[in-house]
$ cat data_30.cif   # mmCIF, C-alpha atoms
data_work
loop_
_atom_site.group_PDB
_atom_site.id
_atom_site.type_symbol
_atom_site.label_atom_id
_atom_site.label_comp_id
_atom_site.auth_asym_id
_atom_site.auth_seq_id
_atom_site.Cartn_x
_atom_site.Cartn_y
_atom_site.Cartn_z
ATOM 1 C CA MET A 892 0.000 0.000 0.000
ATOM 2 C CA ARG A 893 1.346 3.422 -0.922
ATOM 3 C CA THR A 894 1.739 5.927 1.892
ATOM 4 C CA ASN A 895 3.133 8.946 0.012
ATOM 5 C CA ARG A 896 -0.292 10.408 -0.863
ATOM 6 C CA PRO A 897 -1.522 13.592 0.764
ATOM 7 C CA ALA A 898 -4.161 13.076 3.421
ATOM 8 C CA LEU A 899 -7.501 14.555 2.399
ATOM 9 C CA ALA A 900 -9.212 14.583 5.800
ATOM 10 C CA PRO A 901 -7.013 17.352 7.328
ATOM 11 C CA VAL A 902 -7.377 19.454 4.163
ATOM 12 C CA ALA A 903 -11.160 19.079 4.300
ATOM 13 C CA LYS A 904 -11.313 19.975 8.008
ATOM 14 C CA GLY A 905 -9.053 22.985 7.428
ATOM 15 C CA GLY A 906 -11.128 24.047 4.427
ATOM 16 C CA THR A 907 -14.312 24.049 6.496
ATOM 17 C CA VAL A 908 -12.718 26.289 9.122
ATOM 18 C CA ALA A 909 -10.954 28.493 6.554
ATOM 19 C CA ALA A 910 -14.223 29.257 4.752
ATOM 20 C CA SER A 911 -15.514 31.053 7.827
ATOM 21 C CA GLU A 912 -12.230 33.015 8.170
ATOM 22 C CA ILE A 913 -12.145 34.366 4.592
ATOM 23 C CA PRO A 914 -14.229 37.525 5.269
ATOM 24 C CA LYS A 915 -11.963 38.464 8.205
ATOM 25 C CA LEU A 916 -8.841 37.667 6.134
ATOM 26 C CA PHE A 917 -10.107 39.826 3.299
ATOM 27 C CA ASN A 918 -10.884 42.710 5.692
ATOM 28 C CA ASP A 919 -7.534 42.486 7.540
ATOM 29 C CA LEU A 920 -5.611 42.243 4.264
ATOM 30 C CA ALA A 921 -7.375 45.339 2.914
ATOM 31 C CA VAL A 922 -6.504 47.296 6.085
ATOM 32 C CA ALA A 923 -2.862 46.125 6.021
ATOM 33 C CA LEU A 924 -2.496 47.184 2.363
ATOM 34 C CA HIS A 925 -4.290 50.535 2.987
ATOM 35 C CA MET A 926 -7.038 49.653 0.500
ATOM 36 C CA THR A 927 -10.760 49.373 0.547
ATOM 37 C CA GLN A 928 -12.270 45.926 0.067
ATOM 38 C CA PRO A 929 -13.324 46.694 -3.547
ATOM 39 C CA GLN A 930 -9.778 47.915 -4.268
ATOM 40 C CA LEU A 931 -8.354 44.732 -2.742
ATOM 41 C CA ALA A 932 -10.726 42.627 -4.841
ATOM 42 C CA GLN A 933 -9.590 44.486 -7.983
ATOM 43 C CA PHE A 934 -5.924 44.114 -6.961
ATOM 44 C CA LEU A 935 -6.280 40.356 -6.410
ATOM 45 C CA SER A 936 -8.263 39.893 -9.641
ATOM 46 C CA SER A 937 -5.621 41.662 -11.726
ATOM 47 C CA ASN A 938 -2.486 40.252 -10.077
ATOM 48 C CA TYR A 939 -3.662 36.875 -8.703
ATOM 49 C CA PRO A 940 -6.753 35.846 -10.708
ATOM 50 C CA ALA A 941 -6.720 32.173 -9.660
ATOM 51 C CA MET A 942 -6.425 33.076 -5.971
ATOM 52 C CA ALA A 943 -9.166 35.692 -6.279
ATOM 53 C CA GLN A 944 -11.466 33.125 -7.888
ATOM 54 C CA LEU A 945 -10.636 30.558 -5.204
ATOM 55 C CA LEU A 946 -11.324 33.001 -2.373
ATOM 56 C CA GLN A 947 -14.606 34.019 -3.991
ATOM 57 C CA GLN A 948 -15.832 30.439 -4.478
ATOM 58 C CA PHE A 949 -14.349 28.939 -1.315
ATOM 59 C CA PRO A 950 -17.529 29.179 0.805
ATOM 60 C CA GLN A 951 -19.384 27.108 -1.819
ATOM 61 C CA LEU A 952 -16.884 24.262 -1.234
ATOM 62 C CA VAL A 953 -17.797 23.842 2.449
ATOM 63 C CA PRO A 954 -20.508 21.178 1.753
ATOM 64 C CA VAL A 955 -17.968 19.233 -0.293
ATOM 65 C CA PHE A 956 -15.364 19.518 2.476
ATOM 66 C CA LYS A 957 -17.900 18.259 5.024
ATOM 67 C CA ASN A 958 -18.464 15.100 2.947
ATOM 68 C CA VAL A 959 -14.782 14.215 2.541
ATOM 69 C CA THR A 960 -14.201 12.521 5.909
ATOM 70 C CA PRO A 961 -17.357 10.342 5.770
ATOM 71 C CA GLY A 962 -16.536 9.533 2.145
ATOM 72 C CA LEU A 963 -13.005 8.461 3.042
ATOM 73 C CA THR A 964 -14.372 6.274 5.833
ATOM 74 C CA TRP A 965 -16.966 4.738 3.503
ATOM 75 C CA PHE A 966 -14.492 3.943 0.704
ATOM 76 C CA LYS A 967 -11.550 2.896 2.909
ATOM 77 C CA PRO A 968 -12.226 -0.880 2.595
ATOM 78 C CA LEU A 969 -12.528 -0.595 -1.194
ATOM 79 C CA VAL A 970 -9.387 1.518 -1.548
ATOM 80 C CA THR A 971 -7.449 -0.795 0.785
ATOM 81 C CA THR A 972 -8.508 -3.855 -1.232
ATOM 82 C CA MET A 973 -7.593 -2.183 -4.503
ATOM 83 C CA ASN A 974 -4.190 -1.109 -3.175
ATOM 84 C CA ASP A 975 -3.544 -4.656 -1.967
ATOM 85 C CA GLN A 976 -4.260 -5.984 -5.480
ATOM 86 C CA VAL A 977 -1.926 -3.647 -7.401
ATOM 87 C CA ASN A 978 0.904 -6.207 -7.460
ATOM 88 C CA ASN A 979 -1.447 -8.955 -8.670
ATOM 89 C CA PHE A 980 -2.719 -6.680 -11.426
ATOM 90 C CA ALA A 981 0.860 -5.926 -12.495
ATOM 91 C CA LYS A 982 1.564 -9.665 -12.770
ATOM 92 C CA VAL A 983 -1.557 -10.300 -14.849
ATOM 93 C CA ASP A 984 -0.906 -7.232 -16.972
ATOM 94 C CA ALA A 985 2.529 -8.633 -17.836
ATOM 95 C CA LEU A 986 0.969 -11.782 -19.380
ATOM 96 C CA PRO A 987 0.833 -12.036 -23.175
ATOM 97 C CA ASN A 988 -2.233 -10.918 -25.087
ATOM 98 C CA PHE A 989 -5.132 -13.412 -24.937
ATOM 99 C CA ASN A 990 -6.951 -12.223 -28.073
ATOM 100 C CA LEU A 991 -5.947 -15.408 -29.927
ATOM 101 C CA LEU A 992 -7.543 -17.555 -27.218
ATOM 102 C CA THR A 993 -10.981 -16.775 -28.666
ATOM 103 C CA TRP A 994 -10.018 -18.390 -31.949
ATOM 104 C CA PHE A 995 -9.063 -21.632 -30.180
ATOM 105 C CA PHE A 996 -12.760 -21.991 -29.317
ATOM 106 C CA ALA A 997 -14.359 -20.289 -32.316
ATOM 107 C CA ILE A 998 -12.594 -22.290 -35.064
ATOM 108 C CA PRO A 999 -13.395 -25.781 -33.683
ATOM 109 C CA GLY A 1000 -16.968 -24.665 -32.992
ATOM 110 C CA LEU A 1001 -17.325 -23.353 -36.527
ATOM 111 C CA LEU A 1002 -15.932 -26.615 -37.926
ATOM 112 C CA LEU A 1003 -18.461 -28.608 -35.894
ATOM 113 C CA VAL A 1004 -21.344 -26.482 -37.181
ATOM 114 C CA LEU A 1005 -20.134 -26.801 -40.781
ATOM 115 C CA THR A 1006 -19.709 -30.570 -40.455
ATOM 116 C CA GLY A 1007 -23.234 -30.941 -39.076
ATOM 117 C CA GLY A 1008 -24.630 -28.675 -41.797
ATOM 118 C CA PHE A 1009 -22.807 -30.633 -44.497
ATOM 119 C CA GLY A 1010 -24.332 -33.846 -43.154
ATOM 120 C CA LEU A 1011 -27.825 -32.358 -43.345
ATOM 121 C CA ILE A 1012 -27.291 -31.135 -46.894
ATOM 122 C CA GLU A 1013 -26.059 -34.576 -47.983
ATOM 123 C CA LEU A 1014 -29.268 -36.193 -46.687
ATOM 124 C CA ARG A 1015 -31.422 -33.896 -48.820
ATOM 125 C CA ARG A 1016 -29.716 -34.793 -52.088
ATOM 126 C CA PRO A 1017 -31.699 -37.148 -54.288
ATOM 127 C CA GLY A 1018 -30.305 -40.640 -54.183
ATOM 128 C CA ALA A 1019 -28.463 -40.061 -50.952
ATOM 129 C CA ARG A 1020 -28.490 -42.929 -48.518
ATOM 130 C CA ALA A 1021 -29.722 -42.297 -45.088
ATOM 131 C CA SER A 1022 -27.646 -43.896 -42.446
ATOM 132 C CA GLY A 1023 -30.587 -44.452 -40.168
ATOM 133 C CA PRO A 1024 -31.942 -47.651 -38.662
ATOM 134 C CA VAL A 1025 -32.067 -50.600 -41.007
ATOM 135 C CA THR A 1026 -35.512 -52.145 -41.588
ATOM 136 C CA ARG A 1027 -35.970 -55.693 -42.824
ATOM 137 C CA THR A 1028 -38.858 -57.102 -44.618
ATOM 138 C CA VAL A 1029 -39.744 -60.544 -43.523
ATOM 139 C CA THR A 1030 -40.721 -62.971 -46.260
ATOM 140 C CA PRO A 1031 -42.963 -65.829 -45.209
ATOM 141 C CA GLN A 1032 -41.315 -69.223 -45.316
ATOM 142 C CA ARG A 1033 -42.951 -72.308 -46.697
ATOM 143 C CA GLU A 1034 -43.818 -75.028 -44.372
ATOM 144 C CA PRO A 1035 -41.877 -78.157 -44.940
ATOM 145 C CA ALA A 1036 -43.759 -80.915 -46.644
ATOM 146 C CA ALA A 1037 -45.168 -83.536 -44.378
ATOM 147 C CA MET A 1038 -43.250 -86.758 -44.348
ATOM 148 C CA VAL A 1039 -45.150 -89.739 -45.270
#

$ encode --input "data_30.cif" --output "structure tokens"
Amino acid sequence: MRTNRPALAPVAKGGTVAASEIPKLFNDLAVALHMTQPQLAQFLSSNYPAMAQLLQQFPQLVPVFKNVTPGLTWFKPLVTTMNDQVNNFAKVDALPNFNLLTWFFAIPGLLLVLTGGFGLIELRRPGARASGPVTRTVTPQREPAAMV
């Protein structure tokens, strides 16, 4: 199992708290830079457009952040199982291509169908002998002559 991934739960918890601090941050930043809030918004939009957009939309992410921890708990068994199977997948992925395996079943099956069809066509030809049950006609025998 890989352990070098960033943990999402602390980011989600921090994001929930940070969303409530953004108005105060924006106000304190405007005061520190000797700007009004509209001037600060214009300054951030012109010089740091991605950050301005993130700060503007951050409060809308709070419901998503609140669902991260329960989601991680819910999917933990699945993710653990998948991580445990990565080595097995790598072994199977290293096997040669199995596309030809289909033909090992399809060709004999097709030959069987054609052989059966050929047998049916042969029976329909005029003069063809059926290899069905043999019937005999019984001819009556004469009774032996009485001995005198």

$ axis_aligned_box --input "data_30.cif" --around "stretch 940-945 of chain A" --padding-each-side "5 Å" --output "lines of an AutoDock Vina configuration file"
center_x = -8.9
center_y = 33.2
center_z = -8.0
size_x = 15.0
size_y = 15.3
size_z = 15.5

$ resolve_selection --input "data_30.cif" --expression "the PyMOL selection byres ((chain A and resi 927-934) around 12)" --output "PyMOL selection string"
chain A and resi 914-926+935-940+942-944+946-947

$ atom_distance --input "data_30.cif" --atom1 "atom CA of A:Val953" --atom2 "atom CA of A:Gly905"
10.1 Å

$ residues_around --input "data_30.cif" --residues "A:Val959" --least-positions-apart "5" --cutoff "9 Å" --atoms "all atoms listed in the file" --output "ChimeraX atom specification"
/A:899-900,903-904,964

$ atom_distance --input "data_30.cif" --atom1 "atom CA of A:Phe949" --atom2 "atom CA of A:Ala909"
8.6 Å

$ atom_distance --input "data_30.cif" --atom1 "atom CA of A:Lys967" --atom2 "atom CA of A:Val902"
17.1 Å

$ build_atoms --input "data_30.cif" --residues "stretch 925-949 of chain A" --atoms "N, CA and C atoms" --output "CSV table (one decimal), keeping the file's coordinate frame"
chain,number,residue,atom,x,y,z
A,925,HIS,N,-3.7,49.2,3.1
A,925,HIS,CA,-4.3,50.5,3.0
A,925,HIS,C,-5.2,50.6,1.8
A,926,MET,N,-6.1,49.7,1.6
A,926,MET,CA,-7.0,49.7,0.5
A,926,MET,C,-8.4,49.4,1.0
A,927,THR,N,-9.4,49.8,0.2
A,927,THR,CA,-10.8,49.4,0.5
A,927,THR,C,-11.0,47.9,0.1
A,928,GLN,N,-12.0,47.3,0.5
A,928,GLN,CA,-12.3,45.9,0.1
A,928,GLN,C,-12.5,45.8,-1.4
A,929,PRO,N,-13.2,46.8,-2.1
A,929,PRO,CA,-13.3,46.7,-3.5
A,929,PRO,C,-12.0,46.9,-4.2
A,930,GLN,N,-11.1,47.7,-3.7
A,930,GLN,CA,-9.8,47.9,-4.3
A,930,GLN,C,-8.9,46.6,-4.1
A,931,LEU,N,-9.1,46.0,-3.0
A,931,LEU,CA,-8.4,44.7,-2.7
A,931,LEU,C,-8.9,43.7,-3.7
A,932,ALA,N,-10.2,43.6,-3.9
A,932,ALA,CA,-10.7,42.6,-4.8
A,932,ALA,C,-10.2,42.9,-6.3
A,933,GLN,N,-10.1,44.1,-6.7
A,933,GLN,CA,-9.6,44.5,-8.0
A,933,GLN,C,-8.1,44.1,-8.1
A,934,PHE,N,-7.4,44.4,-7.0
A,934,PHE,CA,-5.9,44.1,-7.0
A,934,PHE,C,-5.7,42.6,-7.1
A,935,LEU,N,-6.4,41.8,-6.3
A,935,LEU,CA,-6.3,40.4,-6.4
A,935,LEU,C,-6.7,39.8,-7.8
A,936,SER,N,-7.8,40.4,-8.3
A,936,SER,CA,-8.3,39.9,-9.6
A,936,SER,C,-7.3,40.2,-10.7
A,937,SER,N,-6.6,41.3,-10.7
A,937,SER,CA,-5.6,41.7,-11.7
A,937,SER,C,-4.3,40.9,-11.5
A,938,ASN,N,-3.8,40.8,-10.3
A,938,ASN,CA,-2.5,40.3,-10.1
A,938,ASN,C,-2.5,38.8,-9.7
A,939,TYR,N,-3.6,38.3,-9.1
A,939,TYR,CA,-3.7,36.9,-8.7
A,939,TYR,C,-5.1,36.3,-9.1
A,940,PRO,N,-5.4,36.2,-10.3
A,940,PRO,CA,-6.8,35.8,-10.7
A,940,PRO,C,-7.2,34.5,-10.2
A,941,ALA,N,-6.3,33.5,-10.2
A,941,ALA,CA,-6.7,32.2,-9.7
A,941,ALA,C,-7.0,32.2,-8.2
A,942,MET,N,-6.2,32.9,-7.4
A,942,MET,CA,-6.4,33.1,-6.0
A,942,MET,C,-7.7,33.9,-5.7
A,943,ALA,N,-7.9,34.9,-6.5
A,943,ALA,CA,-9.2,35.7,-6.3
A,943,ALA,C,-10.4,34.8,-6.5
A,944,GLN,N,-10.3,34.0,-7.6
A,944,GLN,CA,-11.5,33.1,-7.9
A,944,GLN,C,-11.6,32.1,-6.8
A,945,LEU,N,-10.5,31.5,-6.3
A,945,LEU,CA,-10.6,30.6,-5.2
A,945,LEU,C,-11.2,31.2,-3.9
A,946,LEU,N,-10.8,32.4,-3.6
A,946,LEU,CA,-11.3,33.0,-2.4
A,946,LEU,C,-12.8,33.3,-2.5
A,947,GLN,N,-13.2,33.7,-3.7
A,947,GLN,CA,-14.6,34.0,-4.0
A,947,GLN,C,-15.5,32.8,-3.9
A,948,GLN,N,-15.0,31.6,-4.4
A,948,GLN,CA,-15.8,30.4,-4.5
A,948,GLN,C,-15.6,29.5,-3.3
A,949,PHE,N,-14.7,29.8,-2.4
A,949,PHE,CA,-14.3,28.9,-1.3
A,949,PHE,C,-15.5,28.6,-0.4
